[in-house]
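Data block below; observations after.
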Amino acid sequence: MAASVTGLLKPWTPRVLLVRWSRYNPYYLEPEPRKEVYHIPETELTPEQKEERELKSVRPIKAATNSVTSSVFNDPVLSKFVNMMMKDGDKIIAKGIITQTLENMKRKQVEKYHKAPEVKKAEIECNPYVIFHQALENCKPVIGLASIQKGGKFYQVPIPLTDNRRRFLAMKWMITECRDNKHRRTLMYEKLSQELLAAFSKEGNVVKRKHELHKMAESNRAYAHYRWW
Amino acid sequence: AFENRLAFRAQVRPLHGSGCGQQQEAVGMETRPETFSIFRTQENNPACQSEQHLGQYYTVPPSHFHTVFPHGLPPRYQQQVKTFNEGCVMVRQPALELISHLKRADYSKPTLRYLLYGVKGSGKTMSLCHAVHYFSKQGWLVLHIPDAHLWVKNCKELLPSSYHASRFDQPIQASNWLRNFRTTNEHFLSKIKLRQRYVWTKRESTEEGRPLGELVDMGVSHVKSSSDVVGAVLKELRLQAWGTEGGFRMAVAVGVNGLWGRTTLKKEEKSPVAPEELTLVHNLRKMINNDWCGGAVIATLSQTGSLYAPSSAYLPQELLGEEGFDSMDPFVPVPVSLYSEKEFESCYLYYLDRHWLQHPHSQTEEGKKELIFLSNRNPSVLERLCAFL
């Protein structure tokens with residue numbers, strides 16, 4: 001329950017400690033990064049919110065992670081994608097690649113938009129965030145396969161997937177596709193932007209992989225009763 | 001809020017310039033609503049732009065774009081032109097000041113040198129290109145060397161010079177530059193005649209009285225002697241700039257701080273090459289000296305390509321060094337600052353108009369405040385931020 005650790009500091013303990021990934025005492029509360037919460041005036045608070053504010057004034061609060069911002073441009077799905085692309089903890093490079101990808105997609109679409117005749121302009125989607133989210137949606141599998149052992153043999157059984165698992169699979173396939181199956185000399189952002197634009201219009205290798213998974217699940221329909229959960 | 005701002009826009013008033021009167025609408029007539037916007041102006045001639053156009057974008061007509069700017073635009077701006085399908089330049093205070101000095105200068109006196117300086121990304125190269133557009137509209141001969149840094153680093157081929165034993169030639173850079181020079185100044189090439197005979201090899205020489213175009217073509221085709229051709233071209237132009245028979249005026253626009261200081265190039269014995277030992281740099285320095293008359297020299301400093309200079313340095317003293325400052329002295333300094341509020345507004349509206357700011361939050365007030373905070377109104381930082389938003 002002790003909120004201060006100064007009593008435990010020895011001369012050899014470094015003054016600056018990595019705190020966030022250590023195990024916090026459950027007494028500590030989560031930080032609130034969103035700005036709108038603090039702008040609500042006193043009078044409009046509900047009783048729960050008033051209680052919460054009073055609690056926050058007496059309890060200690062955990063340190064916020066580096067990926068949490070109060071910026072209006074913060075996107076949790078994009079942050080997850082950046083983390084999945086990151087190698088050796090180098091988030092600067094991963095974030096740089098993603099921003100270049102978004103810029104590249106936007107450039108291609110805006111160029112097409114400006115050169116298109118008036119009639120076609122409404123159909124061209126220029127927002128890279130919308131394209132990203134839609135492409136990811138198009139890549140998410142609906143049903144997955146699990147390897148279940150029955151009578152000494154392993155069967156591929158179709159199972160429902162949770163939302164997190166689906167999102168993870170879509171992102172993973174996208175990244176591995178871009179890393180492995182493209183020409184060696186193209187840069188990552190170029191490969192990613194091509195693949196995302198293809199997935200947005202439901203073409204491309206990632207969407208094909210999703211369809212193949214669905215077909216496998218359909219063909220193994222007979223084993224569905226092996227699932228017990 | 002948009003309609004209120006439209007009501008405050010000033011009318012276009014008749015100016016005293018000669019060719020400008022016919023190009024405007026009659027006073028008292030409002031422009032048609034579909035071409036009306038707060039951040040654009042219809043005045044596409046840099047000579048007729050004045051303080052009322054500050055902060056507004058004018059379009060460089062696409063037909064002139066490739067002749068006036070074959071090289072010299074910042075690479076991100078070139079990408080932007082390709083994406084938006086049009087080339088728009090913002091009218092800013094440093095460029096206007098420069099153009100007004102140029103209009104009133106006396107060209108029978110030795111050349112005035114102007115130096116554009118400012119923080120990284122504040123728009124010096126774009127102001128230089130604005131001035132170059134003004135020159136080409138006025139019919140001057142433009143000598144546009146975008147970046148002397150391209151000549152002092154990353155050079156693959158260094159040939160010992162045939163003309164002078166201790167100097168080095170750079171054939172590729174020289175021939176590229178001659179090609180771009182030819183694109184910009186087509187109409188001058190046949191009018192200017194050489195005043196001296198130049199001998200290139202035992203069998204080739206260019207006689208007196210031949211047009212300059214022939215010299216340039218020779219330089220482009222014979223890559224080995226292209227650096228000497230550049231030197232000859234510069235010398236001829238310097239001698240003839242204030243010629244009596246319908247002399248032209250010459251403008252030299254340079255990215256200058258690579259000419260002094262050190263280079264990254266090495267001779268075969270691994271000893272470093274000083275800039276004086278490069279033919280191109282030697283000839284260019286003679287150009288920048290103010291011992292000729294009939295033109296103007298406009299220079300920019302840039303930290304971006306500069307060698308062995310700290311990234312926070314932007315003042316002329318720091319970037320030019322002792323030697324450079326002494327040779328450029330006296331010059332007219334033109335500081336280029338970050339965007340003012342009006343210019344920022346204008347830039348923001350331009351991006352909105354061109355469908356560049358796509359994120360739904362970036363089109364709100366909150367997003368705009370965040371953009372101001374993140375970029376500190378620095379033009380290049382703002383451009384990079386808006387690129388992915």
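Chain labels follow the order of the structure tokens: the first chain is A, the next B, and so on; residue numbering restarts at 1 in every chain, and ligands are counted from 1 in their shown order.
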
Could you build a table of the residues in chain A lying no more than 12 Å from chain B, giving for each the nearest pair of atoms and their separation in Å rounded to one decimal place, using only C-alpha atoms, ordered by chain and ascending residue number, as JSON lines?
{"residue": "A:Lys35", "atom": "CA", "partner": "B:Glu366", "partner_atom": "CA", "distance": 11.0}
{"residue": "A:Glu36", "atom": "CA", "partner": "B:Glu366", "partner_atom": "CA", "distance": 11.5}
{"residue": "A:Ser70", "atom": "CA", "partner": "B:Glu370", "partner_atom": "CA", "distance": 10.5}
{"residue": "A:Ser71", "atom": "CA", "partner": "B:Glu370", "partner_atom": "CA", "distance": 7.6}
{"residue": "A:Val72", "atom": "CA", "partner": "B:His361", "partner_atom": "CA", "distance": 6.5}
{"residue": "A:Phe73", "atom": "CA", "partner": "B:His361", "partner_atom": "CA", "distance": 6.8}
{"residue": "A:Asn74", "atom": "CA", "partner": "B:His361", "partner_atom": "CA", "distance": 10.0}
{"residue": "A:Asp75", "atom": "CA", "partner": "B:His359", "partner_atom": "CA", "distance": 11.1}
{"residue": "A:Lys95", "atom": "CA", "partner": "B:Phe388", "partner_atom": "CA", "distance": 11.2}
{"residue": "A:Gly96", "atom": "CA", "partner": "B:Phe388", "partner_atom": "CA", "distance": 10.3}
{"residue": "A:Ile97", "atom": "CA", "partner": "B:Phe388", "partner_atom": "CA", "distance": 10.9}
{"residue": "A:Ile98", "atom": "CA", "partner": "B:Phe388", "partner_atom": "CA", "distance": 8.9}
{"residue": "A:Thr99", "atom": "CA", "partner": "B:Phe388", "partner_atom": "CA", "distance": 5.6}
{"residue": "A:Gln100", "atom": "CA", "partner": "B:Phe388", "partner_atom": "CA", "distance": 7.1}
{"residue": "A:Thr101", "atom": "CA", "partner": "B:Phe388", "partner_atom": "CA", "distance": 8.2}
{"residue": "A:Leu102", "atom": "CA", "partner": "B:Phe388", "partner_atom": "CA", "distance": 5.4}
{"residue": "A:Glu103", "atom": "CA", "partner": "B:Phe388", "partner_atom": "CA", "distance": 4.6}
{"residue": "A:Asn104", "atom": "CA", "partner": "B:Phe388", "partner_atom": "CA", "distance": 8.3}
{"residue": "A:Met105", "atom": "CA", "partner": "B:Phe388", "partner_atom": "CA", "distance": 9.1}
{"residue": "A:Lys106", "atom": "CA", "partner": "B:Phe388", "partner_atom": "CA", "distance": 7.6}
{"residue": "A:Arg107", "atom": "CA", "partner": "B:Thr83", "partner_atom": "CA", "distance": 6.0}
{"residue": "A:Lys108", "atom": "CA", "partner": "B:Thr83", "partner_atom": "CA", "distance": 7.5}
{"residue": "A:Gln109", "atom": "CA", "partner": "B:Thr83", "partner_atom": "CA", "distance": 8.9}
{"residue": "A:Val110", "atom": "CA", "partner": "B:Thr83", "partner_atom": "CA", "distance": 6.5}
{"residue": "A:Glu111", "atom": "CA", "partner": "B:Thr83", "partner_atom": "CA", "distance": 4.7}
{"residue": "A:Lys112", "atom": "CA", "partner": "B:Thr83", "partner_atom": "CA", "distance": 8.4}
{"residue": "A:Tyr113", "atom": "CA", "partner": "B:His355", "partner_atom": "CA", "distance": 9.0}
{"residue": "A:His114", "atom": "CA", "partner": "B:Phe84", "partner_atom": "CA", "distance": 6.6}
{"residue": "A:Lys115", "atom": "CA", "partner": "B:Asn85", "partner_atom": "CA", "distance": 7.5}
{"residue": "A:Ala116", "atom": "CA", "partner": "B:Asn85", "partner_atom": "CA", "distance": 11.1}
{"residue": "A:Lys121", "atom": "CA", "partner": "B:His355", "partner_atom": "CA", "distance": 11.4}
{"residue": "A:Ile124", "atom": "CA", "partner": "B:His355", "partner_atom": "CA", "distance": 11.6}
{"residue": "A:Glu125", "atom": "CA", "partner": "B:Gln358", "partner_atom": "CA", "distance": 9.8}
{"residue": "A:Cys126", "atom": "CA", "partner": "B:Gln358", "partner_atom": "CA", "distance": 7.0}
{"residue": "A:Asn127", "atom": "CA", "partner": "B:Gln358", "partner_atom": "CA", "distance": 5.0}
{"residue": "A:Pro128", "atom": "CA", "partner": "B:Gln358", "partner_atom": "CA", "distance": 7.5}
{"residue": "A:Tyr129", "atom": "CA", "partner": "B:His359", "partner_atom": "CA", "distance": 7.1}
{"residue": "A:Val130", "atom": "CA", "partner": "B:His359", "partner_atom": "CA", "distance": 8.8}
{"residue": "A:Ile131", "atom": "CA", "partner": "B:Gln358", "partner_atom": "CA", "distance": 11.2}

Go ahead and save the residues from that selection, with N, CA and C atoms, as an mmCIF file, in the first residue's frame.
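For reference, selection00.cif as written:
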data_model
loop_
_atom_site.group_PDB
_atom_site.id
_atom_site.type_symbol
_atom_site.label_atom_id
_atom_site.label_comp_id
_atom_site.auth_asym_id
_atom_site.auth_seq_id
_atom_site.Cartn_x
_atom_site.Cartn_y
_atom_site.Cartn_z
ATOM 1 N N LYS A 35 -8.806 14.514 -23.785
ATOM 2 C CA LYS A 35 -8.965 15.893 -23.312
ATOM 3 C C LYS A 35 -10.402 16.229 -22.951
ATOM 4 N N GLU A 36 -11.380 15.555 -23.617
ATOM 5 C CA GLU A 36 -12.792 15.957 -23.448
ATOM 6 C C GLU A 36 -13.241 15.745 -22.013
ATOM 7 N N SER A 70 -2.887 12.523 -26.303
ATOM 8 C CA SER A 70 -4.166 13.193 -26.239
ATOM 9 C C SER A 70 -4.474 13.859 -27.570
ATOM 10 N N SER A 71 -3.690 13.545 -28.585
ATOM 11 C CA SER A 71 -3.875 14.163 -29.894
ATOM 12 C C SER A 71 -5.172 13.702 -30.529
ATOM 13 N N VAL A 72 -5.785 14.560 -31.341
ATOM 14 C CA VAL A 72 -7.025 14.162 -32.011
ATOM 15 C C VAL A 72 -6.755 13.160 -33.126
ATOM 16 N N PHE A 73 -5.480 13.050 -33.537
ATOM 17 C CA PHE A 73 -5.173 12.161 -34.652
ATOM 18 C C PHE A 73 -4.776 10.771 -34.186
ATOM 19 N N ASN A 74 -4.974 10.478 -32.905
ATOM 20 C CA ASN A 74 -4.593 9.185 -32.365
ATOM 21 C C ASN A 74 -5.531 8.090 -32.862
ATOM 22 N N ASP A 75 -4.963 6.994 -33.362
ATOM 23 C CA ASP A 75 -5.801 5.903 -33.872
ATOM 24 C C ASP A 75 -5.304 4.593 -33.278
ATOM 25 N N LYS A 95 6.962 3.637 -37.366
ATOM 26 C CA LYS A 95 6.019 4.732 -37.514
ATOM 27 C C LYS A 95 6.308 5.510 -38.798
ATOM 28 N N GLY A 96 7.631 5.669 -39.101
ATOM 29 C CA GLY A 96 8.002 6.361 -40.332
ATOM 30 C C GLY A 96 7.481 5.632 -41.557
ATOM 31 N N ILE A 97 7.607 4.301 -41.559
ATOM 32 C CA ILE A 97 7.122 3.525 -42.706
ATOM 33 C C ILE A 97 5.625 3.691 -42.863
ATOM 34 N N ILE A 98 4.885 3.648 -41.745
ATOM 35 C CA ILE A 98 3.425 3.778 -41.837
ATOM 36 C C ILE A 98 3.037 5.151 -42.342
ATOM 37 N N THR A 99 3.704 6.221 -41.857
ATOM 38 C CA THR A 99 3.335 7.551 -42.344
ATOM 39 C C THR A 99 3.657 7.691 -43.824
ATOM 40 N N GLN A 100 4.791 7.121 -44.254
ATOM 41 C CA GLN A 100 5.102 7.180 -45.686
ATOM 42 C C GLN A 100 4.078 6.398 -46.493
ATOM 43 N N THR A 101 3.604 5.265 -45.938
ATOM 44 C CA THR A 101 2.574 4.479 -46.633
ATOM 45 C C THR A 101 1.314 5.299 -46.810
ATOM 46 N N LEU A 102 0.866 5.957 -45.710
ATOM 47 C CA LEU A 102 -0.357 6.750 -45.790
ATOM 48 C C LEU A 102 -0.194 7.869 -46.800
ATOM 49 N N GLU A 103 0.993 8.514 -46.776
ATOM 50 C CA GLU A 103 1.219 9.601 -47.717
ATOM 51 C C GLU A 103 1.191 9.101 -49.147
ATOM 52 N N ASN A 104 1.834 7.943 -49.371
ATOM 53 C CA ASN A 104 1.897 7.377 -50.718
ATOM 54 C C ASN A 104 0.511 7.050 -51.241
ATOM 55 N N MET A 105 -0.321 6.422 -50.370
ATOM 56 C CA MET A 105 -1.680 6.058 -50.785
ATOM 57 C C MET A 105 -2.448 7.324 -51.127
ATOM 58 N N LYS A 106 -2.311 8.346 -50.255
ATOM 59 C CA LYS A 106 -3.049 9.574 -50.486
ATOM 60 C C LYS A 106 -2.614 10.222 -51.791
ATOM 61 N N ARG A 107 -1.293 10.203 -52.043
ATOM 62 C CA ARG A 107 -0.814 10.833 -53.263
ATOM 63 C C ARG A 107 -1.387 10.167 -54.496
ATOM 64 N N LYS A 108 -1.358 8.820 -54.475
ATOM 65 C CA LYS A 108 -1.873 8.117 -55.659
ATOM 66 C C LYS A 108 -3.341 8.447 -55.872
ATOM 67 N N GLN A 109 -4.122 8.411 -54.765
ATOM 68 C CA GLN A 109 -5.552 8.640 -54.912
ATOM 69 C C GLN A 109 -5.855 10.075 -55.310
ATOM 70 N N VAL A 110 -5.138 11.051 -54.713
ATOM 71 C CA VAL A 110 -5.406 12.457 -55.033
ATOM 72 C C VAL A 110 -5.023 12.759 -56.469
ATOM 73 N N GLU A 111 -3.932 12.120 -56.928
ATOM 74 C CA GLU A 111 -3.543 12.352 -58.329
ATOM 75 C C GLU A 111 -4.624 11.830 -59.258
ATOM 76 N N LYS A 112 -5.119 10.611 -58.922
ATOM 77 C CA LYS A 112 -6.195 10.048 -59.739
ATOM 78 C C LYS A 112 -7.425 10.946 -59.695
ATOM 79 N N TYR A 113 -7.705 11.489 -58.499
ATOM 80 C CA TYR A 113 -8.880 12.341 -58.319
ATOM 81 C C TYR A 113 -8.794 13.577 -59.199
ATOM 82 N N HIS A 114 -7.598 14.216 -59.196
ATOM 83 C CA HIS A 114 -7.490 15.467 -59.949
ATOM 84 C C HIS A 114 -7.510 15.254 -61.436
ATOM 85 N N LYS A 115 -7.101 14.030 -61.861
ATOM 86 C CA LYS A 115 -7.104 13.802 -63.301
ATOM 87 C C LYS A 115 -8.415 13.209 -63.796
ATOM 88 N N ALA A 116 -9.279 12.798 -62.864
ATOM 89 C CA ALA A 116 -10.505 12.124 -63.295
ATOM 90 C C ALA A 116 -11.539 13.136 -63.761
ATOM 91 N N LYS A 121 -15.363 11.609 -59.944
ATOM 92 C CA LYS A 121 -14.645 12.098 -58.758
ATOM 93 C C LYS A 121 -15.257 11.613 -57.462
ATOM 94 N N ILE A 124 -13.900 8.135 -56.072
ATOM 95 C CA ILE A 124 -12.510 7.896 -55.669
ATOM 96 C C ILE A 124 -12.363 8.252 -54.201
ATOM 97 N N GLU A 125 -11.854 7.318 -53.424
ATOM 98 C CA GLU A 125 -11.693 7.547 -51.993
ATOM 99 C C GLU A 125 -10.285 8.050 -51.740
ATOM 100 N N CYS A 126 -10.173 9.276 -51.204
ATOM 101 C CA CYS A 126 -8.837 9.844 -51.017
ATOM 102 C C CYS A 126 -8.316 9.727 -49.599
ATOM 103 N N ASN A 127 -9.159 9.388 -48.641
ATOM 104 C CA ASN A 127 -8.722 9.411 -47.251
ATOM 105 C C ASN A 127 -7.931 8.148 -46.930
ATOM 106 N N PRO A 128 -6.626 8.264 -46.614
ATOM 107 C CA PRO A 128 -5.827 7.056 -46.415
ATOM 108 C C PRO A 128 -6.278 6.248 -45.201
ATOM 109 N N TYR A 129 -6.853 6.935 -44.197
ATOM 110 C CA TYR A 129 -7.301 6.220 -43.004
ATOM 111 C C TYR A 129 -8.500 5.346 -43.314
ATOM 112 N N VAL A 130 -9.422 5.907 -44.110
ATOM 113 C CA VAL A 130 -10.590 5.109 -44.508
ATOM 114 C C VAL A 130 -10.150 3.902 -45.319
ATOM 115 N N ILE A 131 -9.202 4.132 -46.243
ATOM 116 C CA ILE A 131 -8.710 3.021 -47.073
ATOM 117 C C ILE A 131 -8.067 1.963 -46.196
#

- Polymer residues at most 12 Å from stretch 98-105 of chain B, only C-alpha atoms, same-chain spacing of 3 or more positions, as an MDAnalysis selection string: chainID B and resid 17 45:51 91:95 108:116 124 127:135 138 140 249:251 293:299 332:336

Selection from above, N, CA and C atoms, as a CSV table (one decimal), in the first residue's frame, can you write it?
chain,number,residue,atom,x,y,z
B,17,GLY,N,2.5,49.7,-63.5
B,17,GLY,CA,3.4,49.0,-64.4
B,17,GLY,C,2.8,49.0,-65.8
B,45,ASN,N,1.5,37.1,-63.0
B,45,ASN,CA,2.8,37.7,-63.3
B,45,ASN,C,3.4,38.3,-62.1
B,46,PRO,N,4.6,37.7,-61.8
B,46,PRO,CA,5.3,38.2,-60.5
B,46,PRO,C,5.6,39.7,-60.5
B,47,ALA,N,5.7,40.3,-61.7
B,47,ALA,CA,6.0,41.7,-61.8
B,47,ALA,C,4.8,42.6,-61.3
B,48,CYS,N,3.6,42.1,-61.4
B,48,CYS,CA,2.4,42.9,-61.0
B,48,CYS,C,1.9,42.5,-59.6
B,49,GLN,N,2.6,41.7,-58.9
B,49,GLN,CA,2.1,41.3,-57.6
B,49,GLN,C,2.6,42.3,-56.6
B,50,SER,N,1.7,42.6,-55.6
B,50,SER,CA,2.1,43.6,-54.6
B,50,SER,C,1.6,43.2,-53.2
B,51,GLU,N,1.7,44.1,-52.2
B,51,GLU,CA,1.4,43.7,-50.9
B,51,GLU,C,0.0,43.1,-50.7
B,91,VAL,N,2.7,33.9,-52.6
B,91,VAL,CA,3.4,35.2,-52.7
B,91,VAL,C,3.8,35.6,-51.2
B,92,ARG,N,5.1,35.7,-51.0
B,92,ARG,CA,5.5,36.0,-49.6
B,92,ARG,C,6.3,37.3,-49.5
B,93,GLN,N,6.5,37.8,-48.3
B,93,GLN,CA,7.2,39.0,-48.1
B,93,GLN,C,8.6,39.0,-48.7
B,94,PRO,N,9.5,38.0,-48.4
B,94,PRO,CA,10.9,38.1,-48.9
B,94,PRO,C,10.9,38.2,-50.4
B,95,ALA,N,10.1,37.4,-51.1
B,95,ALA,CA,10.2,37.4,-52.5
B,95,ALA,C,9.7,38.8,-53.1
B,108,SER,N,23.5,49.9,-64.6
B,108,SER,CA,24.8,50.2,-65.2
B,108,SER,C,25.9,50.2,-64.1
B,109,LYS,N,25.5,50.1,-62.8
B,109,LYS,CA,26.5,50.0,-61.8
B,109,LYS,C,26.9,48.5,-61.6
B,110,PRO,N,28.0,48.2,-60.9
B,110,PRO,CA,28.3,46.8,-60.6
B,110,PRO,C,27.2,46.0,-59.9
B,111,THR,N,27.1,44.7,-60.1
B,111,THR,CA,26.0,43.9,-59.7
B,111,THR,C,25.8,43.9,-58.2
B,112,LEU,N,24.5,44.0,-57.9
B,112,LEU,CA,24.1,43.9,-56.5
B,112,LEU,C,24.0,42.4,-56.1
B,113,ARG,N,24.4,42.0,-54.9
B,113,ARG,CA,24.2,40.6,-54.5
B,113,ARG,C,23.2,40.5,-53.4
B,114,TYR,N,22.2,39.7,-53.5
B,114,TYR,CA,21.2,39.5,-52.5
B,114,TYR,C,21.3,38.1,-51.9
B,115,LEU,N,21.2,38.1,-50.6
B,115,LEU,CA,21.3,36.8,-49.9
B,115,LEU,C,20.1,36.4,-49.1
B,116,LEU,N,19.4,35.3,-49.5
B,116,LEU,CA,18.3,34.9,-48.8
B,116,LEU,C,18.7,33.9,-47.7
B,124,LYS,N,13.3,29.4,-48.4
B,124,LYS,CA,14.3,30.2,-49.2
B,124,LYS,C,14.3,29.8,-50.6
B,127,SER,N,11.3,31.0,-52.5
B,127,SER,CA,11.4,32.4,-52.8
B,127,SER,C,12.4,32.7,-54.0
B,128,LEU,N,13.4,31.9,-54.0
B,128,LEU,CA,14.4,32.0,-55.2
B,128,LEU,C,13.7,31.6,-56.5
B,129,CYS,N,12.9,30.6,-56.4
B,129,CYS,CA,12.2,30.1,-57.7
B,129,CYS,C,11.2,31.2,-58.1
B,130,HIS,N,10.5,31.8,-57.1
B,130,HIS,CA,9.6,32.9,-57.4
B,130,HIS,C,10.3,34.0,-58.2
B,131,ALA,N,11.6,34.4,-57.7
B,131,ALA,CA,12.3,35.4,-58.4
B,131,ALA,C,12.8,34.9,-59.8
B,132,VAL,N,13.1,33.6,-59.9
B,132,VAL,CA,13.5,33.1,-61.2
B,132,VAL,C,12.3,33.2,-62.2
B,133,HIS,N,11.1,33.0,-61.7
B,133,HIS,CA,9.9,33.1,-62.6
B,133,HIS,C,9.8,34.6,-63.0
B,134,TYR,N,10.0,35.5,-62.1
B,134,TYR,CA,9.9,36.9,-62.4
B,134,TYR,C,10.9,37.3,-63.5
B,135,PHE,N,12.2,36.7,-63.4
B,135,PHE,CA,13.2,37.0,-64.4
B,135,PHE,C,12.8,36.5,-65.8
B,138,GLN,N,10.3,38.6,-67.3
B,138,GLN,CA,10.8,39.9,-67.8
B,138,GLN,C,11.7,39.7,-69.0
B,140,TRP,N,14.8,38.1,-69.0
B,140,TRP,CA,16.2,38.1,-68.7
B,140,TRP,C,16.8,36.8,-69.0
B,249,ARG,N,19.8,41.4,-69.8
B,249,ARG,CA,20.2,41.5,-68.4
B,249,ARG,C,20.3,40.0,-67.9
B,250,MET,N,21.2,39.8,-67.0
B,250,MET,CA,21.4,38.5,-66.6
B,250,MET,C,21.2,38.3,-65.1
B,251,ALA,N,20.6,37.2,-64.7
B,251,ALA,CA,20.3,37.0,-63.3
B,251,ALA,C,21.0,35.7,-62.9
B,293,CYS,N,28.7,44.2,-64.7
B,293,CYS,CA,27.5,45.0,-64.5
B,293,CYS,C,26.4,44.6,-65.5
B,294,GLY,N,25.2,44.9,-65.2
B,294,GLY,CA,24.1,44.5,-66.1
B,294,GLY,C,23.3,43.4,-65.6
B,295,GLY,N,23.3,43.1,-64.3
B,295,GLY,CA,22.5,42.0,-63.8
B,295,GLY,C,22.4,41.9,-62.3
B,296,ALA,N,22.0,40.8,-61.8
B,296,ALA,CA,21.9,40.7,-60.4
B,296,ALA,C,22.2,39.3,-60.0
B,297,VAL,N,22.7,39.1,-58.7
B,297,VAL,CA,23.1,37.8,-58.2
B,297,VAL,C,22.2,37.6,-57.0
B,298,ILE,N,21.4,36.5,-57.0
B,298,ILE,CA,20.6,36.2,-55.9
B,298,ILE,C,21.1,34.8,-55.3
B,299,ALA,N,21.4,34.8,-54.1
B,299,ALA,CA,21.9,33.6,-53.5
B,299,ALA,C,21.1,33.1,-52.3
B,332,VAL,N,23.0,42.3,-49.9
B,332,VAL,CA,21.8,42.8,-49.3
B,332,VAL,C,21.1,41.5,-48.7
B,333,PRO,N,21.1,41.5,-47.4
B,333,PRO,CA,20.5,40.3,-46.8
B,333,PRO,C,19.0,40.4,-46.8
B,334,VAL,N,18.3,39.2,-47.1
B,334,VAL,CA,16.9,39.2,-47.2
B,334,VAL,C,16.5,38.0,-46.2
B,335,PRO,N,16.0,38.3,-45.0
B,335,PRO,CA,15.6,37.2,-44.2
B,335,PRO,C,14.3,36.6,-44.6
B,336,VAL,N,14.2,35.2,-44.5
B,336,VAL,CA,13.0,34.5,-44.8
B,336,VAL,C,12.5,33.9,-43.5

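Residues of stretch 81-169 of chain B that DSSP places in strand (DSSP E or B), based on the backbone of this structure, are B:Gly87, B:Cys88, B:Val89, B:Met90, B:Pro110, B:Leu112, B:Arg113, B:Tyr114, B:Leu115, B:Leu116, B:Tyr117, B:Gly118, B:Leu141, B:Val142, B:Leu143, B:His144, B:Ile145, B:Leu159, B:Pro160, B:Phe168, B:Asp169.
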
- Item | Proximity to B:Arg377 - best of B:Gly123, B:Gly219, B:Gly213, B:Gly324, only C-alpha atoms |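 When distances to B:Arg377 are compared using only C-alpha atoms, the smallest one comes from B:Gly123.
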
- Message: Please report the interatomic distance between atom CA of A:Met171 and atom CA of A:Leu136 in Å with one decimal.
- Response: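 Rounded to one decimal, the two atoms are 7.1 Å apart.
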
- May I have the residues within 9 Å of A:Met216 as an NGL selection string, using only C-alpha atoms and disregarding those fewer than 6 positions away in the same chain? :A and (145 or 156 or 158)

Could you save the residues just selected, with N, CA and C atoms, as a compact mmCIF listing (two decimals), in the first residue's frame?
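Listed below is the output, selection.txt:
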# COMPACT_ATOMS: atom_id res chain seq x y z
N LEU A 145 -9.39 -21.95 -38.31
CA LEU A 145 -9.21 -23.39 -38.13
C LEU A 145 -8.35 -23.63 -36.90
N GLN A 156 -8.16 -30.55 -38.65
CA GLN A 156 -8.32 -29.08 -38.74
C GLN A 156 -9.79 -28.78 -38.58
N PRO A 158 -13.04 -26.21 -37.98
CA PRO A 158 -13.44 -24.79 -38.08
C PRO A 158 -13.95 -24.30 -36.74
